[in-house]
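Visitor: Have a look at this one.
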Amino acid sequence: MREYKTLGNIIYKTVIYLFMLLVLIVCLVPFLYIISVSLSDPVAVVNGEVFIHPVGFSLEAFEQIFAYPNFFRAYGNTIFYTIAGTLISLIMMTLFAYPLSKTFLKGQKIVMKFVIFSMFFSGGMIPNYLLISSLHMVNTRFAILIPFAINQFNLILLINFFKSIPNDIEEAAIIDGLSYTGVLLKIVLPLSGAGIATISLYTAVFFWNDWFNSLIYLKSSQYPVMLYLRNIVNGTTQIAGSSGTSSDTASLSMSIKCAVILVSTLPIIMVYPFLQKYFVKGVMVGSVKG
């Protein structure tokens, strides 16, 4: 379809481009500021000389973070929780979502009502702790990996994604002799790459960012990096807020906070470009009917 360059179309495109440019600036400037503060000299930070580029290049904030004992152990714990938790979550949610995507199964609607009900109502922190404690999972890594493996929102997304796959494909595979397990492994999962990648990213971000559950259920040697960095930030805040603290210490505290943000978010942000194409496919699923 040919697009005519009318005055209305030109104004419309100009407004859209300006709005997207504004959104880009709003998202990009704070991130550049954080990078600049973390890489700048503490004196330049306290004097307000830093904005979107480093002033007096310094790695002192990162040196302070990396010098903390057991920092790299905590980072290794986070990587383990993210990878293992995502794999366990995908396996459990796939085995749960595929049967629930079949509306002809008896009890499917009842189970779906329980899933939706549990999205809005839960027992709370104390009953959850008593349950996990009764299962002897407190102070073990399973306390993080198992109880939080299934997220209701992600489960519903996966169910809807499985429903978008034409039933004719599955019926043809069953006629050719495949069981439902074979259909799931050889037909459904290969066609659900976009949905699985999307759920994987959501789940990985949850396990990467989680610190509160780790504080409740784990011992110090099992802490993830997020909880470790939180303790660092709390320590620098108390030092900066104490009486008689020099301005260099206060500025270094600000630099450490920005460095903590980079150390904690940059790795998971770097994963997104590799999954971006799957997000585009996920948006297009079901938009065209043959």
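Letters A, B, ... go to the chains of the structure tokens in the order shown; residues in each chain start at 1; ligands are counted from 1 in the same order.
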According to DSSP computed on the backbone, where in region 73-145 of chain A is there alpha helix (DSSP H)? Give the residues as an NGL selection string.
Guide: :A and (73-100 or 108-120 or 125-134 or 142-145)
Visitor: Interatomic distance between CA of Ala149 (chain A) and CA of Phe114 (chain A)?
Guide: 16.8 Å
Visitor: With the cut-off set at 12 Å and counting only C-alpha atoms, tabulate each residue of region 35-126 of chain A with an atom at most that distance from an atom of region 256-267 of chain A, showing the nearest atom pair and its distance in Å to one decimal, ordered by chain and increasing number, as a Markdown table.
Guide:
| residue | atom | partner | partner_atom | distance |
| --- | --- | --- | --- | --- |
| A:Ile35 | CA | A:Cys258 | CA | 7.0 |
| A:Ser36 | CA | A:Cys258 | CA | 8.7 |
| A:Val37 | CA | A:Cys258 | CA | 6.5 |
| A:Ser38 | CA | A:Ala259 | CA | 4.9 |
| A:Leu39 | CA | A:Ala259 | CA | 8.0 |
| A:Ser40 | CA | A:Ala259 | CA | 10.5 |
| A:Asp41 | CA | A:Ile256 | CA | 11.5 |
| A:Pro42 | CA | A:Ile256 | CA | 9.9 |
| A:Val45 | CA | A:Cys258 | CA | 11.4 |
| A:Ser58 | CA | A:Ala259 | CA | 11.4 |
| A:Leu59 | CA | A:Ala259 | CA | 9.3 |
| A:Glu60 | CA | A:Ile256 | CA | 8.5 |
| A:Ala61 | CA | A:Ile256 | CA | 4.8 |
| A:Phe62 | CA | A:Ala259 | CA | 6.2 |
| A:Glu63 | CA | A:Ile256 | CA | 9.3 |
| A:Gln64 | CA | A:Ile256 | CA | 7.5 |
| A:Ile65 | CA | A:Ile256 | CA | 7.3 |
| A:Phe66 | CA | A:Val263 | CA | 10.1 |
| A:Phe71 | CA | A:Val263 | CA | 11.3 |
| A:Phe72 | CA | A:Val263 | CA | 11.6 |
| A:Ala74 | CA | A:Ser264 | CA | 11.4 |
| A:Tyr75 | CA | A:Ser264 | CA | 9.3 |
| A:Thr78 | CA | A:Ser264 | CA | 10.1 |
| A:Ile79 | CA | A:Pro267 | CA | 10.1 |
| A:Thr82 | CA | A:Pro267 | CA | 11.6 |
Visitor: Which distance in Å separates CA of Val55 (chain A) and CA of Val43 (chain A), to one decimal?
Guide: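 Between CA of Val55 (chain A) and CA of Val43 (chain A) the gap is 9.4 Å.
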Visitor: Write out as a ChimeraX atom specification which residues come within 9 Å of Ser192 (chain A) when counting only C-alpha atoms, dropping same-chain ones fewer than 6 positions away.
Guide: /A:158,161-162,165,282
Visitor: Neighbours of Ile268 (chain A) within 9 Å (only C-alpha atoms; same-chain residues fewer than 5 positions away dropped), as a list in words?
Guide: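 Counting only the stated atoms, we get Leu201, Ala204, Val205 and Trp208 of chain A.
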Visitor: What would the file look like if the residues just selected were written as an mmCIF file, in the first residue's frame with C-alpha atoms?
Guide:
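Output saved as part.cif:
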data_model
loop_
_atom_site.group_PDB
_atom_site.id
_atom_site.type_symbol
_atom_site.label_atom_id
_atom_site.label_comp_id
_atom_site.auth_asym_id
_atom_site.auth_seq_id
_atom_site.Cartn_x
_atom_site.Cartn_y
_atom_site.Cartn_z
ATOM 1 C CA LEU A 201 13.710 -14.216 30.802
ATOM 2 C CA ALA A 204 15.682 -15.494 35.253
ATOM 3 C CA VAL A 205 15.112 -11.842 36.186
ATOM 4 C CA TRP A 208 18.553 -12.764 39.701
#
Visitor: Pick out the residues sitting within 10 Å of Asn160 (chain A), and hand them over as a PyMOL selection string; count only C-alpha atoms, and ignore anything fewer than 2 positions along from it in its own chain.
Guide: chain A and resi 97-98+100-101+154-158+162-165+195
Visitor: Show which residues sit within 8 Å of Ile88 (chain A), as a ChimeraX atom specification. Count only C-alpha atoms, and ignore same-chain residues fewer than 2 positions away.
Guide: /A:84-86,90-92,145-146,149
Visitor: Under the rule that only C-alpha atoms are counted, which of A:Ala67, A:Met93, A:Ile269, A:Met254 is the nearest residue to Tyr33 (chain A)?
Guide: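 Using only C-alpha atoms, the shortest distance to Tyr33 (chain A) belongs to A:Met254.
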Visitor: Neighbours of region 181-186 of chain A within 12 Å (only C-alpha atoms; same-chain residues fewer than 2 positions away dropped), as a PyMOL selection string?
Guide: chain A and resi 91+94-99+101+162+165+167-179+188-193
Visitor: If you measure from CA of Ile83 (chain A) to CA of Ser200 (chain A), what distance in Å do you get, rounded to one decimal?
Guide: 9.7 Å
